[in-house]
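Colleague: Here's a structure for you.
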Amino acid sequence: MKGREKEINKKLPMHTQPYSRKDGNVMEKPNILVIFTDQQRFDTLGVYGQTPSTSPNIDELAEESVVFDYAFTPQPVCGPSRSCLQTGLYATKTGCYRNAIALPEGLPTLAKLLKNEGYRTGYVGKWHLASTMYPSFEDIGEKKNYTQAAVPESLRGGYEFWRVADTLEHTSSATEGHVWDEKGNQIDFSKYRVDAITDYAIEYIDNQKNSSSEPFFLFISYLEPHHQNNERRFVGPQGSKEKYQEIPIPKDLTSLKGDWEENYADYIGACASIDSNVGRLIQKLKTLDQYKNTTIIFTSDHGCHFRTRNREYKRSCHDASIHIPLIIKNENYRREHRPEMVNLVDLPQTILDIAGATKLESMQGNSLHTLSQHPPGQVEWRDDVFFQISESQLGRGVRTKKWKFSVKSPWKDGLLHSKATSYMADCLYDLENDPYELKNLVRDPSTVLIQTQLAGRIRYYIKEIEDLDVKIFQKTSRIQFVFNRIRNRRSLLD
């Protein structure tokens, strides 16, 4: 673990520039508010096409924001995606390749870097980066369990204000529970969880009104609309099932078996509660005359496929699992929908640019800061995104506007291993003709050429991100896969 921390702790020599307005005048650094939901599909918002919309406040925020129509998670699992967002590194680089692996203490994080630039930092809600449990063949460090205990200061990622449970789903139900503060004191709540987490956030924002000379960075991590783990169901505010039972259900769900029928109304109820609380946050900022100078970022860790693709709710290559909302309100950003392919791992560099802060050469994403200030097509940008999958499989994938191609290791367990050197093709979807990903073309011989091309992109990303040279084989049986490896070239997508 220490070796990885040393490698990542390399700084890019650069000068921090004053934050400036569009007219060129220097202004105070903006406050930065990240609103991070858990397991929220992008299509649960009116701004992304939900009809009728259950998100009036977020839709209104989007009218003042840059909206990324093609935003994706680098890892559709809670802990890994959080490690990416706190560090700007892929989960295989942070070491948090699956849930229940603590973020290494020595890693640079957003909170630490922004604190160095004069920001006051706060975090409320779910952390999911302090506990290390369960077997692994990787070096994941010593075992530690904070699922039912206060997270020590050394494992808080550098955040100062703290109203957090490491795994909030294990210290609360949807309507009561507790978090801990920065002194380790337990704080109980007895209301809908989204409302309680927002109360803590508003407490923090209120505390900043007497310290206006210093900007704040506040990270709000809601558990909703994630299912309640111990009940294996979604829990919206009281009355959600009746209120939202007529909301249209996306076709990728209704076309497949899953548990969407009994859960979707409550899921939307949880999303609607988040929207109402976004409204509360915006109103508080306006009341304190801080709204204009606060950059607001709304996004999620991954989506939800309601057990239509596997026995879980995510951990798959499908858009229901990896396609996320991403909305950024910033005074210098254009107010429009963007067509670029972007990744959650791009956000840390973006946030540091917004703050005029020093960035790290080790960060693996690309800042959206310049992109968001120019019309589409004026800034060179990637035309695909790469993602990793753990736990349900050891998988990798790439998505373009037209194609989705994923591969997985037939033998290595995604819980026990973080990487592999050989993969087999698993899924290929033509997204233009099959947007709901219902027809897997991976065994279609006419697609071998496009599979070979996309396999090349996956190999490129794995080399860049994981520093591995890998082989990718065509879809076949496990026995044939072993035979192909022995033969070395047969059925190789190269």
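In the structure tokens, the first chain shown is A, the next is B, and so on; residue numbers restart at 1 for each chain, and ligands run from 1 in the order shown.
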What lies within 8 Å of Gln86 of chain A using only C-alpha atoms, ignoring chain neighbours under 3 positions off, as a list in words?
Modeller: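 Near Gln86 of chain A, the qualifying residues are Arg82, Ser83, Thr109, Leu110, Ala111, Gly157 and Pro348 of chain A.
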Colleague: Find the residues of segment 304-362 of chain A that sit at most 12 Å from segment 36-58 of chain A; for each, write down the nearest two atoms and how far apart they are in Å, to one decimal. Count only C-alpha atoms. Sort by chain, then by number going up, and give it as a Markdown table.
Modeller:
```
| residue | atom | partner | partner_atom | distance |
| --- | --- | --- | --- | --- |
| A:Cys304 | CA | A:Gln39 | CA | 5.6 |
| A:His305 | CA | A:Arg41 | CA | 8.5 |
| A:Phe306 | CA | A:Gln39 | CA | 10.3 |
| A:Glu312 | CA | A:Gln39 | CA | 11.7 |
| A:Tyr313 | CA | A:Gln39 | CA | 8.4 |
| A:Lys314 | CA | A:Gln39 | CA | 8.0 |
| A:Arg315 | CA | A:Gln39 | CA | 11.0 |
| A:His318 | CA | A:Arg41 | CA | 11.5 |
| A:Asp319 | CA | A:Arg41 | CA | 8.9 |
| A:Ala320 | CA | A:Arg41 | CA | 6.5 |
| A:Ser321 | CA | A:Arg41 | CA | 7.6 |
| A:Ile322 | CA | A:Arg41 | CA | 8.5 |
| A:His323 | CA | A:Phe42 | CA | 6.3 |
| A:Ile324 | CA | A:Phe42 | CA | 4.7 |
| A:Pro325 | CA | A:Phe42 | CA | 4.5 |
| A:Leu326 | CA | A:Phe42 | CA | 8.2 |
| A:Ile327 | CA | A:Ile58 | CA | 8.8 |
| A:Ile328 | CA | A:Ile58 | CA | 10.9 |
| A:Lys329 | CA | A:Ile58 | CA | 10.8 |
| A:Glu336 | CA | A:Val47 | CA | 10.9 |
| A:His337 | CA | A:Val47 | CA | 9.3 |
| A:Arg338 | CA | A:Tyr48 | CA | 11.8 |
| A:Leu344 | CA | A:Phe36 | CA | 11.1 |
| A:Leu347 | CA | A:Phe36 | CA | 12.0 |
```
Colleague: Taking the DSSP secondary structure from the backbone, can you list the residues of segment 253-469 of chain A that are helix (DSSP H, G or I), as JSON, numbers by chain?
Modeller: {"A": [253, 254, 260, 261, 262, 263, 264, 265, 266, 267, 268, 269, 270, 271, 272, 273, 274, 275, 276, 277, 278, 279, 280, 281, 282, 283, 284, 285, 286, 287, 319, 320, 321, 322, 344, 345, 346, 347, 348, 349, 350, 351, 352, 353, 354, 355, 371, 372, 373, 445, 446, 447, 448, 449, 450, 451, 452, 453, 454, 455, 456, 457, 458, 459, 460, 461, 462, 463, 464, 465, 466]}
Colleague: So which residues touch segment 96-104 of chain A within 10 Å, counting only C-alpha atoms, skipping near sequence neighbours fewer than 5 positions away, as a ChimeraX atom specification?
Modeller: /A:1-2,4-5,75-84,86-87,90-91,109,128-134,136,138,140-147,154-157,167,388-392,394,414-419
Colleague: Could you please write out, as a PyMOL selection string, every residue of segment 252-396 of chain A that DSSP assigns to strand (DSSP E)?
Modeller: chain A and resi 294-300+323-324+326-329+336-343+385-389+395-396
Colleague: Out of A:Thr198, A:Ala357, A:Thr295, A:Ile458, which residue has the shortest atom-to-atom distance to Val278 of chain A when counting only C-alpha atoms?
Modeller: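 Smallest distance to Val278 of chain A is found for A:Thr198.
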Colleague: A:Cys427, A:Ile187, A:Val124, A:Ala196: which is nearest Trp162 of chain A, counting only C-alpha atoms?
Modeller: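 Among the listed residues, the smallest separation from Trp162 of chain A belongs to A:Val124.
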Colleague: Return the single residue from A:Gln238, A:Gln474, A:Ser372, A:Thr121 that is closest to Pro215 of chain A, with distances computed using only C-alpha atoms.
Modeller: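 Once distances to Pro215 of chain A are computed over only C-alpha atoms, the minimum belongs to A:Thr121.
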Colleague: So that I can see what lies close to Ile35 of chain A, please list as a ChimeraX atom specification the residues with an atom at most 8 Å from it, counting only C-alpha atoms and leaving out residues fewer than 3 positions away in the same chain.
Modeller: /A:219-222,296-299
Colleague: Name all residues at most 10 Å from segment 169-177 of chain A (count only C-alpha atoms; drop same-chain ones fewer than 2 positions away) and give them as an MDAnalysis selection string.
Modeller: chainID A and resid 126 128 147:149 165:167 179 186:196 223:224 226:231 234:238 270
